[in-house]
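*Asks:* Just so it is clear, I am handing over run.csv, which has CSV, C-alpha atoms.
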```csv
chain,number,residue,atom,x,y,z
A,28,MET,CA,-27.2,-15.9,-45.7
A,29,LEU,CA,-28.3,-18.0,-48.7
A,30,LEU,CA,-31.4,-15.8,-49.0
A,31,ALA,CA,-29.3,-12.6,-49.0
A,32,GLU,CA,-27.0,-14.1,-51.7
A,33,GLN,CA,-29.9,-15.2,-53.9
A,34,THR,CA,-31.8,-11.9,-53.6
A,35,ALA,CA,-28.7,-9.9,-54.3
A,36,THR,CA,-28.1,-12.0,-57.4
A,37,ILE,CA,-31.6,-11.3,-58.6
A,38,ASP,CA,-31.1,-7.6,-58.1
A,39,LEU,CA,-28.0,-7.7,-60.2
A,40,LEU,CA,-29.5,-9.9,-63.0
A,41,SER,CA,-32.6,-7.6,-63.1
A,42,GLY,CA,-30.6,-4.4,-63.4
A,43,GLY,CA,-31.6,-3.2,-60.0
A,44,ARG,CA,-35.4,-3.9,-60.3
A,45,PHE,CA,-35.7,-6.4,-57.4
A,46,GLU,CA,-38.0,-5.5,-54.5
A,47,PHE,CA,-37.9,-7.5,-51.3
A,48,GLY,CA,-41.2,-8.5,-49.6
A,49,VAL,CA,-41.2,-9.9,-46.1
A,50,GLY,CA,-43.6,-11.1,-43.4
A,51,LYS,CA,-43.2,-13.2,-40.3
A,52,GLY,CA,-45.9,-15.6,-41.2
A,53,TYR,CA,-49.2,-16.3,-39.4
A,54,ARG,CA,-50.4,-19.8,-40.1
A,55,HIS,CA,-49.9,-22.4,-37.3
A,56,ASN,CA,-49.4,-25.2,-39.8
A,57,GLU,CA,-46.5,-23.3,-41.5
A,58,PHE,CA,-44.6,-23.3,-38.1
A,59,GLN,CA,-45.6,-26.8,-37.1
A,60,SER,CA,-44.4,-28.3,-40.4
A,61,PHE,CA,-40.9,-26.9,-39.8
A,62,CYS,CA,-40.9,-27.8,-36.1
A,63,ILE,CA,-40.6,-24.2,-35.1
A,64,PRO,CA,-42.5,-22.9,-32.0
A,65,GLN,CA,-44.8,-20.1,-33.2
A,66,GLU,CA,-44.0,-18.0,-30.2
A,67,GLU,CA,-40.5,-17.5,-31.7
A,68,ALA,CA,-41.9,-15.8,-34.8
A,69,ASP,CA,-41.2,-12.2,-33.9
A,70,GLU,CA,-37.6,-12.8,-32.7
A,71,ARG,CA,-36.7,-15.0,-35.6
A,72,PHE,CA,-38.2,-12.5,-38.1
A,73,GLU,CA,-36.3,-9.6,-36.6
A,74,GLU,CA,-33.0,-11.4,-36.4
A,75,CYS,CA,-33.3,-12.8,-39.9
A,76,LEU,CA,-34.2,-9.4,-41.4
A,77,ALA,CA,-31.3,-7.6,-39.6
A,78,LEU,CA,-28.9,-10.3,-40.9
A,79,VAL,CA,-30.1,-9.9,-44.5
A,80,LEU,CA,-29.8,-6.1,-44.3
A,81,LYS,CA,-26.3,-6.4,-42.8
A,82,SER,CA,-25.3,-8.9,-45.5
A,83,TRP,CA,-26.4,-6.5,-48.2
A,84,THR,CA,-24.7,-3.4,-46.8
A,85,SER,CA,-21.6,-4.6,-45.1
A,86,GLU,CA,-18.4,-4.1,-47.1
A,87,GLU,CA,-16.3,-6.0,-44.6
A,88,ARG,CA,-16.4,-9.4,-43.1
A,89,PHE,CA,-18.6,-9.6,-39.9
A,90,SER,CA,-19.5,-12.1,-37.2
A,91,HIS,CA,-22.9,-12.7,-35.7
A,92,HIS,CA,-24.0,-14.6,-32.6
A,93,GLY,CA,-27.7,-14.2,-32.0
A,94,ARG,CA,-30.3,-16.4,-30.5
A,95,TYR,CA,-31.1,-18.4,-33.6
A,96,TRP,CA,-28.1,-17.9,-36.0
A,97,HIS,CA,-24.3,-17.9,-35.6
A,98,PHE,CA,-21.8,-16.9,-38.2
A,99,GLU,CA,-18.1,-16.2,-37.8
A,100,ASP,CA,-16.0,-13.9,-40.0
A,101,ILE,CA,-18.2,-14.1,-43.1
A,102,ILE,CA,-18.9,-11.9,-46.1
A,103,VAL,CA,-21.9,-12.3,-48.4
A,104,GLU,CA,-21.5,-12.0,-52.1
A,105,PRO,CA,-22.4,-10.6,-54.6
A,106,PRO,CA,-23.3,-7.1,-53.6
A,107,THR,CA,-26.7,-5.7,-54.5
A,108,LYS,CA,-27.1,-3.4,-57.5
A,109,GLN,CA,-29.3,-1.0,-55.6
A,110,LYS,CA,-27.8,1.0,-52.8
A,111,PRO,CA,-27.9,0.8,-49.9
A,112,HIS,CA,-30.2,-2.1,-50.6
A,113,PRO,CA,-33.4,-3.1,-52.6
A,114,PRO,CA,-36.7,-1.6,-51.4
A,115,ILE,CA,-38.4,-3.5,-48.6
A,116,TRP,CA,-42.1,-4.3,-48.6
A,117,MET,CA,-43.7,-5.5,-45.3
A,118,ALA,CA,-47.1,-7.0,-44.8
A,119,ALA,CA,-49.2,-5.6,-42.0
A,120,GLY,CA,-52.8,-5.3,-41.0
A,121,SER,CA,-53.3,-4.0,-37.4
A,122,PRO,CA,-52.8,-0.2,-36.8
A,123,ASP,CA,-49.8,-0.7,-34.6
A,124,SER,CA,-48.1,-3.0,-37.2
A,125,ILE,CA,-48.8,-0.6,-40.0
A,126,ARG,CA,-47.3,2.3,-38.1
A,127,LYS,CA,-44.2,0.3,-37.4
A,128,VAL,CA,-43.8,-0.4,-41.1
A,129,ALA,CA,-44.0,3.3,-41.8
A,130,ARG,CA,-41.5,4.2,-39.1
A,131,ARG,CA,-39.0,1.7,-40.5
A,132,GLY,CA,-39.2,3.4,-43.8
A,133,TYR,CA,-40.5,0.3,-45.6
A,134,LYS,CA,-43.3,0.0,-48.1
A,135,LEU,CA,-46.7,-1.6,-47.1
A,136,LEU,CA,-48.5,-4.7,-48.3
A,137,LEU,CA,-52.2,-5.0,-47.5
A,138,ASP,CA,-54.0,-8.3,-47.7
A,139,GLN,CA,-56.8,-9.4,-50.1
A,140,VAL,CA,-59.5,-10.3,-47.6
A,141,ALA,CA,-60.0,-6.9,-45.9
A,142,SER,CA,-63.0,-4.9,-47.1
A,143,THR,CA,-62.6,-1.8,-49.3
A,144,THR,CA,-63.4,0.4,-46.3
A,145,GLU,CA,-60.8,-1.4,-44.1
A,146,VAL,CA,-58.1,-1.1,-46.8
A,147,ILE,CA,-58.6,2.6,-47.2
A,148,GLU,CA,-58.5,3.1,-43.4
A,149,ARG,CA,-55.2,1.2,-43.3
A,150,PHE,CA,-53.8,3.1,-46.2
A,151,ASN,CA,-54.6,6.4,-44.4
A,152,ILE,CA,-52.9,5.1,-41.1
A,153,TYR,CA,-49.7,4.4,-43.1
A,154,LYS,CA,-49.9,7.7,-44.9
A,155,ALA,CA,-50.4,9.7,-41.7
A,156,GLU,CA,-47.4,7.9,-40.0
A,157,VAL,CA,-45.1,8.5,-43.0
A,158,GLU,CA,-46.0,12.2,-43.0
A,159,ALA,CA,-45.6,12.4,-39.2
A,160,SER,CA,-42.1,11.0,-39.7
A,161,GLY,CA,-41.3,14.0,-41.9
A,162,ARG,CA,-41.2,12.0,-45.2
A,163,LYS,CA,-43.1,12.7,-48.4
A,164,PHE,CA,-45.8,10.1,-48.9
A,165,ASP,CA,-46.0,8.2,-52.2
A,166,PRO,CA,-49.2,6.2,-52.8
A,167,MET,CA,-47.2,3.7,-54.9
A,168,ASP,CA,-45.5,2.7,-51.6
A,169,VAL,CA,-48.8,0.8,-50.6
A,170,GLY,CA,-49.6,-2.3,-52.5
A,171,VAL,CA,-53.2,-3.6,-52.1
A,172,SER,CA,-53.8,-7.3,-53.1
A,173,ARG,CA,-57.2,-8.1,-54.6
A,174,ALA,CA,-58.5,-11.3,-56.0
A,175,PHE,CA,-60.1,-10.8,-59.3
A,176,LEU,CA,-62.1,-12.6,-61.9
A,177,VAL,CA,-63.9,-11.3,-65.0
A,178,THR,CA,-67.1,-13.3,-65.1
A,179,ARG,CA,-69.5,-13.9,-68.0
A,180,ASP,CA,-72.7,-13.8,-65.9
A,181,ALA,CA,-74.2,-13.7,-62.4
A,182,GLU,CA,-74.2,-17.5,-62.0
A,183,GLU,CA,-70.4,-17.7,-62.7
A,184,LYS,CA,-69.8,-14.8,-60.2
A,185,ALA,CA,-71.9,-16.5,-57.5
A,186,LYS,CA,-70.0,-19.8,-57.9
A,187,ALA,CA,-66.7,-18.0,-57.7
A,188,LEU,CA,-67.7,-16.2,-54.5
A,189,GLU,CA,-68.8,-19.4,-52.9
A,190,ALA,CA,-65.5,-21.0,-53.8
A,191,ARG,CA,-63.6,-18.0,-52.4
A,192,LEU,CA,-65.5,-18.1,-49.1
A,193,ALA,CA,-64.9,-21.8,-48.7
A,194,HIS,CA,-61.2,-21.2,-49.4
A,195,GLN,CA,-61.0,-18.5,-46.7
A,196,ARG,CA,-62.7,-20.8,-44.2
A,197,ARG,CA,-60.2,-23.6,-44.9
A,198,LEU,CA,-57.3,-21.2,-44.6
A,199,ALA,CA,-58.6,-20.0,-41.2
A,200,VAL,CA,-58.7,-23.5,-39.9
A,201,LEU,CA,-55.1,-24.2,-41.0
A,202,SER,CA,-54.0,-20.9,-39.5
A,203,ASN,CA,-55.2,-21.5,-36.0
A,204,ALA,CA,-53.5,-23.8,-33.5
A,205,PRO,CA,-55.7,-26.8,-32.6
A,206,ASP,CA,-55.3,-26.1,-28.8
A,207,GLY,CA,-56.3,-22.5,-29.2
A,208,ARG,CA,-53.0,-21.0,-28.0
A,209,PHE,CA,-52.4,-19.2,-31.3
A,210,LYS,CA,-55.0,-17.3,-33.3
A,211,SER,CA,-54.3,-16.3,-36.8
A,212,SER,CA,-54.0,-12.5,-37.6
A,213,LEU,CA,-56.0,-13.3,-40.7
A,214,SER,CA,-59.3,-11.4,-40.2
A,215,PHE,CA,-62.3,-11.6,-42.5
A,216,SER,CA,-66.1,-11.5,-42.2
A,217,ASP,CA,-67.4,-15.0,-42.8
A,218,THR,CA,-70.2,-14.0,-45.2
A,219,LEU,CA,-70.7,-14.1,-49.0
A,220,ASP,CA,-71.3,-10.3,-49.0
A,221,ALA,CA,-68.0,-9.7,-47.3
A,222,ALA,CA,-66.2,-12.1,-49.7
A,223,GLY,CA,-67.8,-10.2,-52.6
A,224,ASP,CA,-66.7,-6.8,-51.2
A,225,SER,CA,-63.1,-7.7,-50.9
A,226,ALA,CA,-62.8,-9.5,-54.2
A,227,MET,CA,-63.0,-8.0,-57.7
A,228,PHE,CA,-65.3,-10.6,-59.2
A,229,GLY,CA,-67.9,-9.7,-61.8
A,230,THR,CA,-68.3,-7.9,-65.1
A,231,VAL,CA,-65.9,-5.3,-66.5
A,232,ASP,CA,-68.2,-2.6,-65.2
A,233,GLU,CA,-68.5,-4.1,-61.7
A,234,ILE,CA,-64.7,-4.5,-61.4
A,235,ALA,CA,-64.2,-0.9,-62.7
A,236,ALA,CA,-66.5,0.4,-60.0
A,237,LYS,CA,-64.4,-1.3,-57.3
A,238,LEU,CA,-61.2,0.0,-58.8
A,239,GLU,CA,-62.8,3.5,-58.8
A,240,ALA,CA,-63.6,3.1,-55.1
A,241,LEU,CA,-60.0,2.2,-54.3
A,242,ARG,CA,-58.7,5.1,-56.4
A,243,ALA,CA,-61.1,7.5,-54.7
A,244,GLY,CA,-59.5,6.5,-51.4
A,245,GLY,CA,-56.1,7.3,-52.7
A,246,ILE,CA,-54.9,3.8,-53.6
A,247,GLU,CA,-52.9,3.6,-56.8
A,248,TYR,CA,-51.1,0.2,-56.6
A,249,VAL,CA,-53.3,-2.9,-56.9
A,250,LEU,CA,-51.7,-6.4,-57.0
A,251,LEU,CA,-53.9,-8.9,-58.9
A,252,ASN,CA,-54.4,-12.4,-57.6
A,253,GLY,CA,-56.4,-14.4,-60.1
A,254,PRO,CA,-57.3,-18.1,-60.3
A,255,ALA,CA,-54.8,-20.7,-61.5
A,256,GLY,CA,-54.4,-20.9,-65.2
A,257,SER,CA,-56.1,-17.6,-65.8
A,258,ARG,CA,-54.3,-16.2,-68.8
A,259,ASP,CA,-57.6,-15.3,-70.5
A,260,ASN,CA,-58.7,-13.6,-67.3
A,261,LEU,CA,-55.5,-11.5,-67.2
A,262,ARG,CA,-55.9,-10.7,-70.9
A,263,SER,CA,-59.5,-9.5,-70.4
A,264,PHE,CA,-58.3,-7.3,-67.5
A,265,ALA,CA,-55.4,-5.9,-69.6
A,266,ARG,CA,-57.5,-5.3,-72.6
A,267,GLU,CA,-60.7,-3.9,-71.1
A,268,LEU,CA,-59.8,-2.4,-67.8
A,269,MET,CA,-56.2,-1.2,-67.7
A,270,PRO,CA,-56.6,1.4,-70.5
A,271,ALA,CA,-59.5,3.0,-68.7
A,272,PHE,CA,-57.3,3.6,-65.6
A,273,ALA,CA,-54.1,4.7,-67.3
A,274,GLY,CA,-53.1,8.3,-66.9
A,275,SER,CA,-55.7,10.7,-65.7
A,276,ARG,CA,-57.4,10.3,-62.3
A,277,GLU,CA,-60.7,11.5,-63.7
A,278,ARG,CA,-63.6,9.1,-63.9
A,279,PRO,CA,-62.3,6.3,-66.2
A,280,ARG,CA,-64.0,5.6,-69.6
A,281,LEU,CA,-64.2,1.9,-70.2
A,282,VAL,CA,-62.9,0.5,-73.5
A,283,LYS,CA,-65.2,-2.1,-74.9
A,284,ARG,CA,-63.8,-4.6,-77.3
```
Please lay out the structure from this file as structure tokens.

*Replies:*
Amino acid sequence: MLLAEQTATIDLLSGGRFEFGVGKGYRHNEFQSFCIPQEEADERFEECLALVLKSWTSEERFSHHGRYWHFEDIIVEPPTKQKPHPPIWMAAGSPDSIRKVARRGYKLLLDQVASTTEVIERFNIYKAEVEASGRKFDPMDVGVSRAFLVTRDAEEKAKALEARLAHQRRLAVLSNAPDGRFKSSLSFSDTLDAAGDSAMFGTVDEIAAKLEALRAGGIEYVLLNGPAGSRDNLRSFARELMPAFAGSRERPRLVKR
């Protein structure tokens, strides 16, 4: 209920620009730290999301007695600016999960470790399911997260890729239960080549080529995930890459400055 109130407040303060991203979680250590059995993830997620949506849309007091939450005669305020509620983004990776997101009418978030080929395949699964549901597909309803770094030379790029792969390996260890009962849904190829394929690391020209490949696959919305304290990195991207991809879908012309 607190989450519903906080997000509704953000929606009001932003003039109706808030978008709600959700996911059930996949790392074993996240559940263990809160003393929550990981096998409860699906049920908790569904009950929580249903409660948030009801809180946003109900104009009358309501009661709820579920498996994990109990409320009696409550009303959640303030109401959201957007009606019936803010757009919902949901993370998914497997074909079945992606189709479920489409059938719910939600927007799709794709992870940053999948290869370019896998991302485009998942994009097309979502697109096909949206169209099969009788809705018009909008490529801006699919957000693709990509790690990026504008590097000065090959040595800097190689070091960045080694650090990225090491981070992925650490994350995989934290995500899996020590007893093997729960395996993370995080899937990546444990090689430097694969790390390089999924990340936009390199020169302006190299990053542009990767953006072109995504765009050629129909992808229009890329979420950038840069290293900490990377204002200069972001500025380089905004100055040298963004203008080339603004407007026309024809082959971009890079702006060198």

*Asks:* Using all atoms listed in the file, what residues lie at most 12 Å away from (-29.7, -21.4, -35.7) (file coordinates), given as a list in words?

*Replies:* Met28, Ile63, Arg71, Glu74, Cys75, His91, His92, Gly93, Arg94, Tyr95, Trp96, His97 and Phe98 of chain A

*Asks:* Can you write just those residues out, C-alpha atoms, as a tab-separated table (two decimals), in the frame of the given file?

*Replies:*
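Heads up, here's the output in result-v5.tsv:
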```tsv
chain	number	residue	atom	x	y	z
A	28	MET	CA	-27.20	-15.90	-45.70
A	63	ILE	CA	-40.60	-24.20	-35.10
A	71	ARG	CA	-36.70	-15.00	-35.60
A	74	GLU	CA	-33.00	-11.40	-36.40
A	75	CYS	CA	-33.30	-12.80	-39.90
A	91	HIS	CA	-22.90	-12.70	-35.70
A	92	HIS	CA	-24.00	-14.60	-32.60
A	93	GLY	CA	-27.70	-14.20	-32.00
A	94	ARG	CA	-30.30	-16.40	-30.50
A	95	TYR	CA	-31.10	-18.40	-33.60
A	96	TRP	CA	-28.10	-17.90	-36.00
A	97	HIS	CA	-24.30	-17.90	-35.60
A	98	PHE	CA	-21.80	-16.90	-38.20
```

*Asks:* Which one of A:Val79, A:Leu268, A:Val200, A:Ala273 sits closest to Thr34 of chain A if you count all atoms listed in the file?

*Replies:*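 For Thr34 of chain A, the nearest of the candidates is A:Val79.
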
*Asks:* Leaving out segment 156-168 of chain A and any residue of its chain fewer than 6 positions from it, which residues lie within 8 Å of it when counting only C-alpha atoms, given as JSON, numbers by chain?

*Replies:* {"A": [126, 129, 130, 132, 134, 135, 245, 246, 247, 248]}

*Asks:* Could you check the closest approach to Glu233 of chain A for each of A:Asp123, A:Glu87, A:Asp69, A:Asp180 and tell me which residue wins, using all atoms listed in the file?

*Replies:* A:Asp180

*Asks:* Can you check which parts of segment 94-133 of chain A lie within 10 Å of segment 141-151 of chain A? Per residue, the shortest pair of atoms and distance in Å to one decimal, counting all atoms listed in the file, sorted by chain and number, as JSON lines.

*Replies:*
```
{"residue": "A:Ala119", "atom": "CA", "partner": "A:Arg149", "partner_atom": "CA", "distance": 9.2}
{"residue": "A:Gly120", "atom": "CA", "partner": "A:Arg149", "partner_atom": "CA", "distance": 7.3}
{"residue": "A:Ser121", "atom": "CA", "partner": "A:Arg149", "partner_atom": "CA", "distance": 8.1}
{"residue": "A:Pro122", "atom": "CA", "partner": "A:Arg149", "partner_atom": "CA", "distance": 7.1}
{"residue": "A:Ile125", "atom": "CA", "partner": "A:Arg149", "partner_atom": "CA", "distance": 7.4}
{"residue": "A:Arg126", "atom": "CA", "partner": "A:Arg149", "partner_atom": "CA", "distance": 9.5}
```

*Asks:* Which residues, written as a VMD selection string, have at least one atom at most 9 Å from Val177 of chain A, with only C-alpha atoms counted and residues fewer than 3 positions away on the same chain left out?

*Replies:* chain A and resid 184 227 to 231 234 260 to 261 263 to 264

*Asks:* Kindly export the residues of the current selection with C-alpha atoms, as an mmCIF file, in the frame of the given file.

*Replies:*
```cif
data_model
loop_
_atom_site.group_PDB
_atom_site.id
_atom_site.type_symbol
_atom_site.label_atom_id
_atom_site.label_comp_id
_atom_site.auth_asym_id
_atom_site.auth_seq_id
_atom_site.Cartn_x
_atom_site.Cartn_y
_atom_site.Cartn_z
ATOM 1 C CA LYS A 184 -69.800 -14.800 -60.200
ATOM 2 C CA MET A 227 -63.000 -8.000 -57.700
ATOM 3 C CA PHE A 228 -65.300 -10.600 -59.200
ATOM 4 C CA GLY A 229 -67.900 -9.700 -61.800
ATOM 5 C CA THR A 230 -68.300 -7.900 -65.100
ATOM 6 C CA VAL A 231 -65.900 -5.300 -66.500
ATOM 7 C CA ILE A 234 -64.700 -4.500 -61.400
ATOM 8 C CA ASN A 260 -58.700 -13.600 -67.300
ATOM 9 C CA LEU A 261 -55.500 -11.500 -67.200
ATOM 10 C CA SER A 263 -59.500 -9.500 -70.400
ATOM 11 C CA PHE A 264 -58.300 -7.300 -67.500
#
```

*Asks:* If you count all atoms listed in the file, which residues fall within 12 Å of Leu40 of chain A, apart from same-chain ones fewer than 5 positions away, as an NGL selection string?

*Replies:* :A and (33-35 or 45 or 105-109)

*Asks:* For the atom pair atom CA of Gly244 of chain A and atom CA of Phe272 of chain A, what is the interatomic distance in Å to one decimal place?

*Replies:*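 So the answer is 14.7 Å.
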
*Asks:* Near Pro114 of chain A, counting only C-alpha atoms, which residues have an atom at most 7 Å away, once you skip same-chain residues fewer than 2 positions from it, shown as a PyMOL selection string?

*Replies:* chain A and resi 46-47+112+116

*Asks:* Within 10 Å of (-17.2, -7.5, -37.0) in the file's own coordinates, which protein, DNA or RNA residues have an atom, counting all atoms listed in the file? List them as number ranges by chain.

*Replies:* A: 85, 87-91, 99-101

*Asks:* Out of A:Ala265, A:Leu201, A:Glu189, A:Leu219, which residue has the shortest atom-to-atom distance to Ser60 of chain A when counting all atoms listed in the file?

*Replies:* A:Leu201

*Asks:* Name the closest residue to Glu67 of chain A among the candidates A:Arg179, A:Ala226, A:His55, A:Leu188; distances are taken between atoms, counting all atoms listed in the file.

*Replies:*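 Of A:Arg179, A:Ala226, A:His55, A:Leu188, the one nearest Glu67 of chain A, counting all atoms listed in the file, is A:His55.
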
*Asks:* Using all atoms listed in the file, can you tell me which of A:Ala240, A:Ile115, A:Ala77, A:Leu251 comes closest to Ala174 of chain A?

*Replies:*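 Looking only at the distances to Ala174 of chain A, the closest residue turns out to be A:Leu251.
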
*Asks:* For atom CA of Ala193 of chain A and atom CA of Pro64 of chain A, quote the distance in Å rounded to one decimal.

*Replies:*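 One can read the atom CA of Ala193 of chain A to atom CA of Pro64 of chain A distance as 28.0 Å.
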